[in-house]
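Trainee: Here you go, coords_21.pdb (PDB, C-alpha atoms):
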ATOM      1  CA  MET A   1     -21.441 -17.111 130.826
ATOM      2  CA  LYS A   2     -25.024 -17.219 132.045
ATOM      3  CA  ASN A   3     -25.902 -14.762 129.299
ATOM      4  CA  ALA A   4     -24.091 -16.658 126.546
ATOM      5  CA  PRO A   5     -26.207 -17.081 123.415
ATOM      6  CA  LEU A   6     -28.106 -20.316 122.996
ATOM      7  CA  LEU A   7     -25.928 -21.168 120.005
ATOM      8  CA  HIS A   8     -22.855 -21.177 122.233
ATOM      9  CA  ARG A   9     -24.508 -23.639 124.598
ATOM     10  CA  LEU A  10     -25.553 -25.880 121.731
ATOM     11  CA  GLU A  11     -22.029 -25.830 120.272
ATOM     12  CA  TYR A  12     -20.555 -26.753 123.613
ATOM     13  CA  GLY A  13     -23.197 -29.437 124.121
ATOM     14  CA  ALA A  14     -22.124 -31.054 120.853
ATOM     15  CA  PHE A  15     -18.420 -30.598 121.515
ATOM     16  CA  VAL A  16     -18.212 -32.478 124.828
ATOM     17  CA  PRO A  17     -19.615 -35.854 123.666
ATOM     18  CA  PHE A  18     -17.713 -35.587 120.380
ATOM     19  CA  ARG A  19     -14.448 -35.124 122.257
ATOM     20  CA  TRP A  20     -15.332 -38.076 124.488
ATOM     21  CA  LEU A  21     -15.901 -40.183 121.360
ATOM     22  CA  LEU A  22     -12.531 -39.188 119.924
ATOM     23  CA  ARG A  23     -10.718 -40.060 123.130
ATOM     24  CA  SER A  24     -12.376 -43.480 123.230
ATOM     25  CA  LEU A  25     -11.571 -44.387 119.623
ATOM     26  CA  PRO A  26      -8.336 -46.143 118.624
ATOM     27  CA  GLU A  27      -5.900 -43.583 117.253
ATOM     28  CA  SER A  28      -6.068 -45.012 113.741
ATOM     29  CA  ALA A  29      -9.868 -44.791 113.745
ATOM     30  CA  GLY A  30      -9.772 -41.192 114.979
ATOM     31  CA  ARG A  31      -7.352 -40.239 112.226
ATOM     32  CA  ALA A  32      -9.519 -41.946 109.617
ATOM     33  CA  LEU A  33     -12.577 -40.094 110.900
ATOM     34  CA  GLY A  34     -10.732 -36.787 110.749
ATOM     35  CA  ARG A  35      -9.605 -37.350 107.180
ATOM     36  CA  PHE A  36     -13.111 -38.422 106.181
ATOM     37  CA  LEU A  37     -14.682 -35.300 107.685
ATOM     38  CA  GLY A  38     -12.027 -33.104 106.076
ATOM     39  CA  GLY A  39     -12.739 -34.677 102.699
ATOM     40  CA  LEU A  40     -16.456 -34.217 103.251
ATOM     41  CA  PHE A  41     -15.875 -30.533 104.020
ATOM     42  CA  TYR A  42     -13.956 -30.228 100.744
ATOM     43  CA  THR A  43     -16.944 -31.644  98.891
ATOM     44  CA  VAL A  44     -19.708 -29.573 100.515
ATOM     45  CA  SER A  45     -17.927 -26.246 101.107
ATOM     46  CA  GLY A  46     -17.945 -24.649  97.692
ATOM     47  CA  SER A  47     -16.526 -21.303  98.797
ATOM     48  CA  ARG A  48     -13.608 -22.767 100.769
ATOM     49  CA  ARG A  49     -12.840 -25.221  97.983
ATOM     50  CA  LYS A  50     -12.847 -22.399  95.445
ATOM     51  CA  THR A  51     -10.496 -20.338  97.632
ATOM     52  CA  ALA A  52      -8.094 -23.255  98.046
ATOM     53  CA  LEU A  53      -7.989 -23.990  94.318
ATOM     54  CA  GLY A  54      -7.496 -20.300  93.536
ATOM     55  CA  ASN A  55      -4.643 -20.059  96.026
ATOM     56  CA  LEU A  56      -2.966 -23.111  94.519
ATOM     57  CA  GLU A  57      -3.216 -21.566  91.071
ATOM     58  CA  ILE A  58      -1.430 -18.466  92.425
ATOM     59  CA  ALA A  59       1.280 -20.366  94.292
ATOM     60  CA  PHE A  60       1.834 -23.236  91.834
ATOM     61  CA  PRO A  61       0.920 -22.006  88.337
ATOM     62  CA  GLU A  62       2.814 -25.010  86.947
ATOM     63  CA  PHE A  63       0.229 -27.400  88.457
ATOM     64  CA  ASP A  64      -2.556 -28.566  86.189
ATOM     65  CA  ALA A  65      -6.186 -28.652  87.369
ATOM     66  CA  ASP A  66      -5.970 -32.270  88.520
ATOM     67  CA  GLN A  67      -2.875 -31.565  90.604
ATOM     68  CA  ARG A  68      -4.521 -28.561  92.242
ATOM     69  CA  ARG A  69      -7.625 -30.566  93.103
ATOM     70  CA  ARG A  70      -5.539 -33.403  94.513
ATOM     71  CA  VAL A  71      -3.437 -31.115  96.732
ATOM     72  CA  ALA A  72      -6.504 -29.167  97.880
ATOM     73  CA  ARG A  73      -8.360 -32.364  98.810
ATOM     74  CA  GLN A  74      -5.311 -33.653 100.695
ATOM     75  CA  SER A  75      -5.059 -30.329 102.509
ATOM     76  CA  PHE A  76      -8.682 -30.516 103.675
ATOM     77  CA  ARG A  77      -8.259 -34.121 104.752
ATOM     78  CA  GLY A  78      -5.073 -33.259 106.598
ATOM     79  CA  PHE A  79      -6.822 -30.393 108.342
ATOM     80  CA  GLY A  80      -9.533 -32.769 109.562
ATOM     81  CA  ASP A  81      -6.885 -35.197 110.780
ATOM     82  CA  ALA A  82      -4.941 -32.434 112.576
ATOM     83  CA  LEU A  83      -8.039 -30.995 114.224
ATOM     84  CA  LEU A  84      -9.363 -34.293 115.547
ATOM     85  CA  SER A  85      -5.899 -35.512 116.531
ATOM     86  CA  THR A  86      -5.363 -32.369 118.579
ATOM     87  CA  LEU A  87      -8.683 -32.831 120.364
ATOM     88  CA  ALA A  88      -8.045 -36.531 120.954
ATOM     89  CA  SER A  89      -4.583 -35.807 122.348
ATOM     90  CA  SER A  90      -5.909 -33.381 124.955
ATOM     91  CA  ASN A  91      -5.738 -36.092 127.630
ATOM     92  CA  LEU A  92      -2.167 -37.176 126.825
ATOM     93  CA  SER A  93       0.551 -36.518 129.385
ATOM     94  CA  GLY A  94       3.909 -34.958 128.682
ATOM     95  CA  GLU A  95       5.483 -38.414 128.830
ATOM     96  CA  ASP A  96       2.981 -39.634 126.231
ATOM     97  CA  PHE A  97       3.962 -36.844 123.861
ATOM     98  CA  GLU A  98       7.678 -37.494 124.316
ATOM     99  CA  LYS A  99       7.046 -41.069 123.178
ATOM    100  CA  ARG A 100       4.914 -40.050 120.201
ATOM    101  CA  TRP A 101       6.970 -37.362 118.511
ATOM    102  CA  VAL A 102      10.311 -36.880 116.814
ATOM    103  CA  VAL A 103      11.900 -33.523 117.631
ATOM    104  CA  GLU A 104      14.475 -32.236 115.147
ATOM    105  CA  GLY A 105      16.677 -29.171 115.539
ATOM    106  CA  TRP A 106      16.026 -28.681 119.254
ATOM    107  CA  GLU A 107      19.531 -27.223 119.541
ATOM    108  CA  ASN A 108      18.360 -24.304 117.374
ATOM    109  CA  PHE A 109      15.828 -23.460 120.066
ATOM    110  CA  SER A 110      17.924 -24.214 123.139
ATOM    111  CA  ARG A 111      21.005 -22.222 122.177
ATOM    112  CA  VAL A 112      18.873 -19.110 121.618
ATOM    113  CA  ALA A 113      16.766 -19.649 124.750
ATOM    114  CA  GLU A 114      19.892 -19.959 126.899
ATOM    115  CA  ARG A 115      20.929 -16.408 126.018
ATOM    116  CA  GLY A 116      18.101 -15.089 128.191
ATOM    117  CA  ARG A 117      17.191 -12.306 125.743
ATOM    118  CA  GLY A 118      13.807 -13.682 124.788
ATOM    119  CA  LEU A 119      12.819 -15.827 121.832
ATOM    120  CA  ILE A 120      10.060 -15.738 119.234
ATOM    121  CA  LEU A 121       8.744 -19.059 117.926
ATOM    122  CA  LEU A 122       7.466 -18.565 114.383
ATOM    123  CA  SER A 123       5.065 -21.064 112.860
ATOM    124  CA  ALA A 124       2.254 -21.371 110.332
ATOM    125  CA  HIS A 125      -0.893 -23.389 109.661
ATOM    126  CA  ILE A 126       1.110 -26.341 108.411
ATOM    127  CA  GLY A 127       0.331 -29.907 109.474
ATOM    128  CA  THR A 128      -0.245 -30.220 113.225
ATOM    129  CA  TRP A 129       0.668 -26.676 114.236
ATOM    130  CA  GLU A 130      -0.915 -27.002 117.681
ATOM    131  CA  ILE A 131       1.462 -29.850 118.534
ATOM    132  CA  ALA A 132       4.427 -27.620 117.611
ATOM    133  CA  ALA A 133       3.751 -25.568 120.760
ATOM    134  CA  TYR A 134       4.296 -28.426 123.235
ATOM    135  CA  PRO A 135       8.000 -29.431 123.239
ATOM    136  CA  ALA A 136       9.198 -26.060 124.574
ATOM    137  CA  PRO A 137       7.150 -26.008 127.817
ATOM    138  CA  LEU A 138       7.745 -29.709 128.424
ATOM    139  CA  ARG A 139      11.484 -28.964 128.297
ATOM    140  CA  GLY A 140      11.352 -25.988 130.617
ATOM    141  CA  TYR A 141      10.469 -23.080 128.301
ATOM    142  CA  PRO A 142       6.784 -22.110 128.617
ATOM    143  CA  THR A 143       5.524 -20.078 125.697
ATOM    144  CA  HIS A 144       2.994 -17.247 125.424
ATOM    145  CA  ALA A 145       1.129 -17.979 122.187
ATOM    146  CA  ILE A 146      -0.681 -15.227 120.296
ATOM    147  CA  GLY A 147      -4.034 -16.089 118.751
ATOM    148  CA  ARG A 148      -7.612 -15.015 118.274
ATOM    149  CA  PRO A 149      -9.848 -16.515 120.982
ATOM    150  CA  PRO A 150     -13.127 -18.145 119.868
ATOM    151  CA  ASP A 151     -16.334 -16.177 120.341
ATOM    152  CA  ASN A 152     -17.878 -19.031 122.316
ATOM    153  CA  PRO A 153     -16.854 -18.560 125.994
ATOM    154  CA  TYR A 154     -17.377 -22.251 126.761
ATOM    155  CA  LEU A 155     -15.057 -23.323 123.959
ATOM    156  CA  LEU A 156     -12.587 -20.642 125.045
ATOM    157  CA  GLU A 157     -12.278 -22.340 128.426
ATOM    158  CA  GLU A 158     -11.626 -25.667 126.715
ATOM    159  CA  MET A 159      -9.047 -24.103 124.383
ATOM    160  CA  VAL A 160      -7.187 -22.455 127.248
ATOM    161  CA  ALA A 161      -7.173 -25.715 129.231
ATOM    162  CA  MET A 162      -5.843 -27.674 126.243
ATOM    163  CA  ARG A 163      -3.177 -25.213 125.115
ATOM    164  CA  CYS A 164      -1.961 -24.236 128.571
ATOM    165  CA  ARG A 165      -1.853 -27.550 130.413
ATOM    166  CA  PHE A 166       1.942 -27.845 130.124
ATOM    167  CA  GLY A 167       2.663 -24.280 131.191
ATOM    168  CA  ASN A 168       1.983 -22.278 128.040
ATOM    169  CA  GLN A 169      -0.130 -19.130 128.196
ATOM    170  CA  MET A 170      -2.360 -17.414 125.643
ATOM    171  CA  ILE A 171      -2.185 -13.803 124.479
ATOM    172  CA  ALA A 172      -5.257 -12.412 122.728
ATOM    173  CA  LYS A 173      -4.391 -11.266 119.211
ATOM    174  CA  LYS A 174      -6.037  -7.884 119.708
ATOM    175  CA  GLY A 175      -3.552  -5.620 121.475
ATOM    176  CA  ALA A 176      -0.917  -8.372 121.636
ATOM    177  CA  ALA A 177       2.092  -6.106 121.036
ATOM    178  CA  ARG A 178       2.349  -4.786 124.590
ATOM    179  CA  ALA A 179       2.095  -8.242 126.210
ATOM    180  CA  MET A 180       4.518  -9.657 123.661
ATOM    181  CA  LEU A 181       7.051  -6.912 124.360
ATOM    182  CA  ARG A 182       6.814  -7.396 128.111
ATOM    183  CA  ARG A 183       7.278 -11.151 127.843
ATOM    184  CA  LEU A 184      10.326 -10.836 125.582
ATOM    185  CA  ARG A 185      11.963  -8.240 127.813
ATOM    186  CA  GLU A 186      11.572 -10.702 130.676
ATOM    187  CA  GLY A 187      13.568 -13.215 128.628
ATOM    188  CA  GLY A 188      10.545 -15.381 127.842
ATOM    189  CA  THR A 189       9.276 -17.133 124.736
ATOM    190  CA  VAL A 190       6.449 -15.938 122.493
ATOM    191  CA  GLY A 191       4.806 -17.957 119.711
ATOM    192  CA  ILE A 192       3.013 -16.555 116.666
ATOM    193  CA  LEU A 193       1.666 -17.773 113.309
ATOM    194  CA  ILE A 194       2.709 -15.622 110.372
ATOM    195  CA  ASP A 195       0.849 -17.076 107.410
ATOM    196  CA  GLN A 196      -2.577 -15.472 107.767
ATOM    197  CA  ARG A 197      -3.576 -12.273 105.986
ATOM    198  CA  ALA A 198      -3.003  -9.176 108.104
ATOM    199  CA  LYS A 199      -5.537  -6.381 108.365
ATOM    200  CA  LEU A 200      -5.076  -3.338 106.176
ATOM    201  CA  ARG A 201      -3.496  -1.127 108.849
ATOM    202  CA  GLU A 202      -1.534  -3.932 110.527
ATOM    203  CA  GLY A 203       0.560  -5.310 107.690
ATOM    204  CA  GLU A 204       2.565  -4.614 104.556
ATOM    205  CA  LEU A 205       2.377  -6.109 101.084
ATOM    206  CA  LEU A 206       5.321  -8.477 100.645
ATOM    207  CA  PRO A 207       5.953 -11.266  98.126
ATOM    208  CA  PHE A 208       4.714 -14.698  99.131
ATOM    209  CA  PHE A 209       5.033 -17.295  96.374
ATOM    210  CA  GLY A 210       5.913 -14.347  94.131
ATOM    211  CA  GLN A 211       2.632 -12.513  94.722
ATOM    212  CA  PRO A 212       1.930  -9.581  97.082
ATOM    213  CA  ALA A 213       0.350 -10.726 100.349
ATOM    214  CA  ARG A 214      -0.445  -8.469 103.284
ATOM    215  CA  THR A 215       1.708  -9.648 106.167
ATOM    216  CA  SER A 216       2.070  -8.500 109.768
ATOM    217  CA  THR A 217       5.437  -6.916 110.587
ATOM    218  CA  LEU A 218       4.948  -7.324 114.351
ATOM    219  CA  VAL A 219       7.445 -10.175 114.676
ATOM    220  CA  ALA A 220      10.276  -8.235 113.034
ATOM    221  CA  ARG A 221       9.530  -5.096 115.049
ATOM    222  CA  MET A 222       9.506  -6.995 118.339
ATOM    223  CA  SER A 223      12.638  -8.919 117.395
ATOM    224  CA  ARG A 224      14.619  -5.754 116.667
ATOM    225  CA  LYS A 225      13.213  -3.876 119.638
ATOM    226  CA  THR A 226      14.163  -6.573 122.162
ATOM    227  CA  GLY A 227      17.047  -8.375 120.480
ATOM    228  CA  ALA A 228      15.087 -11.650 120.515
ATOM    229  CA  ALA A 229      15.931 -14.094 117.742
ATOM    230  CA  VAL A 230      13.187 -15.822 115.752
ATOM    231  CA  VAL A 231      13.169 -19.624 115.610
ATOM    232  CA  PRO A 232      10.877 -21.266 113.010
ATOM    233  CA  VAL A 233       9.029 -24.401 114.117
ATOM    234  CA  PHE A 234       6.724 -26.654 112.095
ATOM    235  CA  SER A 235       5.009 -29.954 112.832
ATOM    236  CA  TRP A 236       3.230 -32.680 110.882
ATOM    237  CA  ARG A 237       2.386 -36.381 111.017
ATOM    238  CA  LEU A 238       4.925 -38.959 109.948
ATOM    239  CA  ASP A 239       3.843 -42.082 108.061
ATOM    240  CA  ASP A 240       4.142 -44.172 111.232
ATOM    241  CA  GLY A 241       1.642 -41.936 113.047
ATOM    242  CA  ARG A 242       4.143 -40.039 115.190
ATOM    243  CA  TRP A 243       4.442 -36.252 115.095
ATOM    244  CA  LEU A 244       7.517 -34.580 113.686
ATOM    245  CA  VAL A 245       8.389 -31.231 115.297
ATOM    246  CA  ARG A 246      11.166 -29.443 113.415
ATOM    247  CA  TYR A 247      12.991 -26.336 114.647
ATOM    248  CA  GLY A 248      14.770 -24.355 111.945
ATOM    249  CA  GLU A 249      17.824 -22.122 111.985
ATOM    250  CA  PRO A 250      17.308 -18.924 114.029
ATOM    251  CA  VAL A 251      16.794 -15.636 112.226
ATOM    252  CA  GLU A 252      18.758 -13.015 114.151
ATOM    253  CA  PRO A 253      17.251  -9.530 114.594
ATOM    254  CA  PHE A 254      20.232  -7.591 113.268
ATOM    255  CA  GLU A 255      21.456  -9.803 110.482
ATOM    256  CA  VAL A 256      19.752  -7.268 108.204
ATOM    257  CA  GLU A 257      21.421  -3.873 108.632
ATOM    258  CA  PRO A 258      19.114  -0.810 108.900
ATOM    259  CA  HIS A 259      20.495   0.847 105.772
ATOM    260  CA  ARG A 260      20.249  -2.139 103.443
ATOM    261  CA  GLY A 261      17.640  -1.979 100.743
ATOM    262  CA  ASP A 262      17.181   1.774 101.046
ATOM    263  CA  ALA A 263      18.889   3.610  98.202
ATOM    264  CA  ASP A 264      18.783   6.959 100.024
ATOM    265  CA  CYS A 265      20.789   5.550 102.929
ATOM    266  CA  VAL A 266      23.903   4.318 101.140
ATOM    267  CA  ASP A 267      26.548   5.721  98.845
ATOM    268  CA  PRO A 268      27.628   3.846  95.682
ATOM    269  CA  GLU A 269      29.967   1.682  97.780
ATOM    270  CA  GLY A 270      27.214   0.670 100.194
ATOM    271  CA  VAL A 271      28.290   2.866 103.115
ATOM    272  CA  ALA A 272      25.678   4.693 105.207
ATOM    273  CA  THR A 273      25.510   8.422 104.433
ATOM    274  CA  GLU A 274      24.344  11.528 106.286
ATOM    275  CA  ARG A 275      21.131  11.354 104.281
ATOM    276  CA  CYS A 276      20.183   8.226 106.180
ATOM    277  CA  ASP A 277      17.088   8.907 108.250
ATOM    278  CA  ALA A 278      16.853   6.280 111.019
ATOM    279  CA  ALA A 279      13.098   5.818 110.631
ATOM    280  CA  PRO A 280      12.944   4.800 106.941
ATOM    281  CA  CYS A 281      16.109   2.734 107.300
ATOM    282  CA  GLU A 282      14.611   0.826 110.229
ATOM    283  CA  GLU A 283      11.484   0.241 108.156
ATOM    284  CA  ALA A 284      13.642  -1.247 105.398
ATOM    285  CA  ALA A 285      15.201  -3.644 107.929
ATOM    286  CA  VAL A 286      11.769  -4.632 109.275
ATOM    287  CA  MET A 287      10.517  -5.356 105.748
ATOM    288  CA  ALA A 288      13.618  -7.416 104.945
ATOM    289  CA  LEU A 289      13.302  -9.491 108.123
ATOM    290  CA  THR A 290       9.599 -10.096 107.555
ATOM    291  CA  GLN A 291      10.423 -11.245 104.047
ATOM    292  CA  ARG A 292      12.912 -13.711 105.532
ATOM    293  CA  TYR A 293      10.159 -15.208 107.689
ATOM    294  CA  LEU A 294       7.878 -15.535 104.676
ATOM    295  CA  ASP A 295      10.636 -17.172 102.635
ATOM    296  CA  VAL A 296      11.268 -19.755 105.379
ATOM    297  CA  THR A 297       7.545 -20.533 105.539
ATOM    298  CA  GLU A 298       7.210 -20.724 101.774
ATOM    299  CA  ALA A 299      10.099 -23.187 101.538
ATOM    300  CA  VAL A 300       8.358 -25.581 103.938
ATOM    301  CA  ILE A 301       5.060 -25.294 102.057
ATOM    302  CA  ARG A 302       6.781 -25.914  98.716
ATOM    303  CA  GLU A 303       8.346 -29.043 100.178
ATOM    304  CA  GLN A 304       4.952 -30.452 101.179
ATOM    305  CA  PRO A 305       2.133 -28.317  99.739
ATOM    306  CA  GLN A 306      -0.600 -30.731 100.843
ATOM    307  CA  ARG A 307       0.099 -29.875 104.509
ATOM    308  CA  TRP A 308      -0.737 -26.155 104.336
ATOM    309  CA  LEU A 309      -4.200 -24.702 105.001
ATOM    310  CA  TRP A 310      -4.995 -23.531 101.476
ATOM    311  CA  MET A 311      -8.594 -22.654 102.335
ATOM    312  CA  HIS A 312      -7.514 -19.339 103.917
ATOM    313  CA  ASP A 313      -7.899 -16.369 101.524
ATOM    314  CA  ARG A 314      -4.234 -15.393 101.875
ATOM    315  CA  TRP A 315      -3.773 -13.214  98.796
ATOM    316  CA  ARG A 316      -6.890 -11.078  99.010
ATOM    317  CA  ILE A 317      -5.805  -7.453  99.158
ATOM    318  CA  GLU A 318      -8.007  -5.003 101.016
ATOM    319  CA  THR A 319      -7.896  -1.326 100.092
ATOM    320  CA  GLU A 320      -8.911   1.744 102.002
ATOM    321  CA  THR A 321     -12.247   3.297 101.117
ATOM    322  CA  CYS A 322     -13.297   6.907 101.435
TER
END
Would you write the structure of this file as structure tokens?
Mentor:
Amino acid sequence: MKNAPLLHRLEYGAFVPFRWLLRSLPESAGRALGRFLGGLFYTVSGSRRKTALGNLEIAFPEFDADQRRRVARQSFRGFGDALLSTLASSNLSGEDFEKRWVVEGWENFSRVAERGRGLILLSAHIGTWEIAAYPAPLRGYPTHAIGRPPDNPYLLEEMVAMRCRFGNQMIAKKGAARAMLRRLREGGTVGILIDQRAKLREGELLPFFGQPARTSTLVARMSRKTGAAVVPVFSWRLDDGRWLVRYGEPVEPFEVEPHRGDADCVDPEGVATERCDAAPCEEAAVMALTQRYLDVTEAVIREQPQRWLWMHDRWRIETETC
């Protein structure tokens, strides 16, 4: 860290007093500040605003321009609220969290976790997604969360301390497959966000809001390889200031048969034939499962579009160049 760039030191120097300020403010004031800063970012960040409005036009073509602007502004304000709330909550105890959230569908998580075959928590950048990672470790199921670490080594230390204080661990996004596989085979829990655009060689184009979006297939591959079910989890603020954490119905790894969706693998009555090559049939199952995850995520976003992070360039399609 002694050789960290000056910019990293300056960022950290600004972060520490700002976090102190957030912790000292009343919760309502901190939330108001977060929403103000998010709204300010919407106003001054032309490129992010343009991306958000373009994404909303793709996902909700029935919205008029005023509706798109309103949802985009709410999304930015909600992002500011979520970010500052997460920082301000970094000194809360487990008991504090248990008093401040409403957990729905916990039985969906617990009945899968009790099998001992591993479990994948699937989430997205909806509402307070960081908070969604806390109920599991506080109830005896520490989670290894996959994510890209920040470039700033000082902020990385703070992020690790915040995310791991209840027993969770972090897995760097680069090269995560091996660590993810090992954890699942040990019967553990792994968490991953599915809604960001995958790199060209790491994802497939699948429909998301009816439009092709490059999506990682890692979750489906790991689920089928280990037998671990996938449990969706999403979190956002309720009107009374508490956090809602909602666990959805598990998606089982083999509820999509390998031969489904592949015309070369079935006869007219839908029975697997000798022409069925295991590799392409497995790929068809992986694509179908990944589509299930996207559909679950899309349904939550459609329910409350203002809670999703529309500023991410989700539908940009990269192509290979010579």
Trainee: Is it possible to get the axis-aligned box enclosing range 45-64 of chain A (all listed atoms, 6 Å extra per side) as lines of an AutoDock Vina configuration file, with centre and edge lengths in Å rounded to one decimal?
Mentor:
center_x = -7.6
center_y = -23.5
center_z = 93.6
size_x = 32.8
size_y = 22.1
size_z = 26.9
Trainee: Give as JSON, numbers by chain every residue, naming chains and numbers as the document does, that has an atom within 7 Å of (-8.1, -27.0, 100.8), counting only C-alpha atoms.
Mentor: {"A": [42, 48, 49, 52, 72, 73, 75, 76, 309, 310, 311]}
Trainee: On this file, the PyMOL selection byres ((chain A and resi 126-128) around 7) gives some set of residues; write that set as an mmCIF file with C-alpha atoms, in the coordinates of the input.
Mentor:
data_model
loop_
_atom_site.group_PDB
_atom_site.id
_atom_site.type_symbol
_atom_site.label_atom_id
_atom_site.label_comp_id
_atom_site.auth_asym_id
_atom_site.auth_seq_id
_atom_site.Cartn_x
_atom_site.Cartn_y
_atom_site.Cartn_z
ATOM 1 C CA GLY A 78 -5.073 -33.259 106.598
ATOM 2 C CA ALA A 82 -4.941 -32.434 112.576
ATOM 3 C CA ALA A 124 2.254 -21.371 110.332
ATOM 4 C CA HIS A 125 -0.893 -23.389 109.661
ATOM 5 C CA TRP A 129 0.668 -26.676 114.236
ATOM 6 C CA GLU A 130 -0.915 -27.002 117.681
ATOM 7 C CA ILE A 131 1.462 -29.850 118.534
ATOM 8 C CA ALA A 132 4.427 -27.620 117.611
ATOM 9 C CA PHE A 234 6.724 -26.654 112.095
ATOM 10 C CA SER A 235 5.009 -29.954 112.832
ATOM 11 C CA TRP A 236 3.230 -32.680 110.882
ATOM 12 C CA ARG A 237 2.386 -36.381 111.017
ATOM 13 C CA ARG A 307 0.099 -29.875 104.509
ATOM 14 C CA TRP A 308 -0.737 -26.155 104.336
ATOM 15 C CA LEU A 309 -4.200 -24.702 105.001
#
Trainee: Between CA of Tyr247 in chain A and CA of Arg35 in chain A, measure the distance and give it in Å to one decimal.
Mentor: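 Taking CA of Tyr247 in chain A and CA of Arg35 in chain A, their separation equals 26.2 Å.
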Trainee: Which residue out of A:Val160, A:Val251, A:Leu53, A:Ala14 has the minimum interatomic distance to Ala172 in chain A when only C-alpha atoms are used?
Mentor: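 The answer is A:Val160, which sits nearest to Ala172 in chain A.
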Trainee: Show me, as a PyMOL selection string, the residues that have an atom within 9 Å of Ser223 in chain A when counting only C-alpha atoms, minus same-chain residues fewer than 2 positions from it.
Mentor: chain A and resi 118-120+184+218-221+225-230+252-254
Trainee: For the structure provided, state which residues fall under the PyMOL selection byres ((chain A and resi 32) around 12), and present them as a list in words.
Mentor: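 So the PyMOL selection byres ((chain A and resi 32) around 12) ends up selecting Leu22, Leu25, Pro26, Glu27, Ser28, Ala29, Gly30, Arg31, Leu33, Gly34, Arg35, Phe36, Leu37, Gly38, Gly39, Arg77, Gly78, Phe79, Gly80, Asp81, Ala82, Leu83, Leu84, Ser85 and Gly241 of chain A.
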Trainee: So which residues touch Glu298 in chain A within 12 Å, counting all atoms listed in the file, skipping near sequence neighbours fewer than 5 positions away, as an mmCIF file with C-alpha atoms, in the frame of the given file?
Mentor:
data_model
loop_
_atom_site.group_PDB
_atom_site.id
_atom_site.type_symbol
_atom_site.label_atom_id
_atom_site.label_comp_id
_atom_site.auth_asym_id
_atom_site.auth_seq_id
_atom_site.Cartn_x
_atom_site.Cartn_y
_atom_site.Cartn_z
ATOM 1 C CA ALA A 59 1.280 -20.366 94.292
ATOM 2 C CA PHE A 60 1.834 -23.236 91.834
ATOM 3 C CA SER A 123 5.065 -21.064 112.860
ATOM 4 C CA ALA A 124 2.254 -21.371 110.332
ATOM 5 C CA HIS A 125 -0.893 -23.389 109.661
ATOM 6 C CA ILE A 126 1.110 -26.341 108.411
ATOM 7 C CA ILE A 194 2.709 -15.622 110.372
ATOM 8 C CA ASP A 195 0.849 -17.076 107.410
ATOM 9 C CA PRO A 207 5.953 -11.266 98.126
ATOM 10 C CA PHE A 208 4.714 -14.698 99.131
ATOM 11 C CA PHE A 209 5.033 -17.295 96.374
ATOM 12 C CA GLY A 210 5.913 -14.347 94.131
ATOM 13 C CA GLN A 211 2.632 -12.513 94.722
ATOM 14 C CA PRO A 232 10.877 -21.266 113.010
ATOM 15 C CA PHE A 234 6.724 -26.654 112.095
ATOM 16 C CA GLN A 291 10.423 -11.245 104.047
ATOM 17 C CA ARG A 292 12.912 -13.711 105.532
ATOM 18 C CA TYR A 293 10.159 -15.208 107.689
ATOM 19 C CA GLU A 303 8.346 -29.043 100.178
ATOM 20 C CA GLN A 304 4.952 -30.452 101.179
ATOM 21 C CA PRO A 305 2.133 -28.317 99.739
ATOM 22 C CA ARG A 307 0.099 -29.875 104.509
ATOM 23 C CA TRP A 308 -0.737 -26.155 104.336
#
Trainee: Quick check on the file I pasted: which residues fall under the PyMOL selection byres ((chain A and resi 12) around 12)? Write them as a list in words.
Mentor: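 Going through the file, the PyMOL selection byres ((chain A and resi 12) around 12) ends up selecting Ala4, Pro5, Leu6, Leu7, His8, Arg9, Leu10, Glu11, Gly13, Ala14, Phe15, Val16, Pro17, Phe18, Arg19, Pro150, Asp151, Asn152, Pro153, Tyr154, Leu155, Leu156, Glu157, Glu158 and Met159 of chain A.
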Trainee: If I take CA of Val296 in chain A and CA of Val71 in chain A, how far is one from the other in Å, to one decimal?
Mentor: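 These two atoms are separated by 20.5 Å.
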Trainee: Using all atoms listed in the file, determine which residues lie at most 8 Å from Thr189 in chain A, disregarding the query and same-chain residues fewer than 6 positions distant; provide the list as an MDAnalysis selection string.
Mentor: chainID A and resid 113 118:121 141:144 183
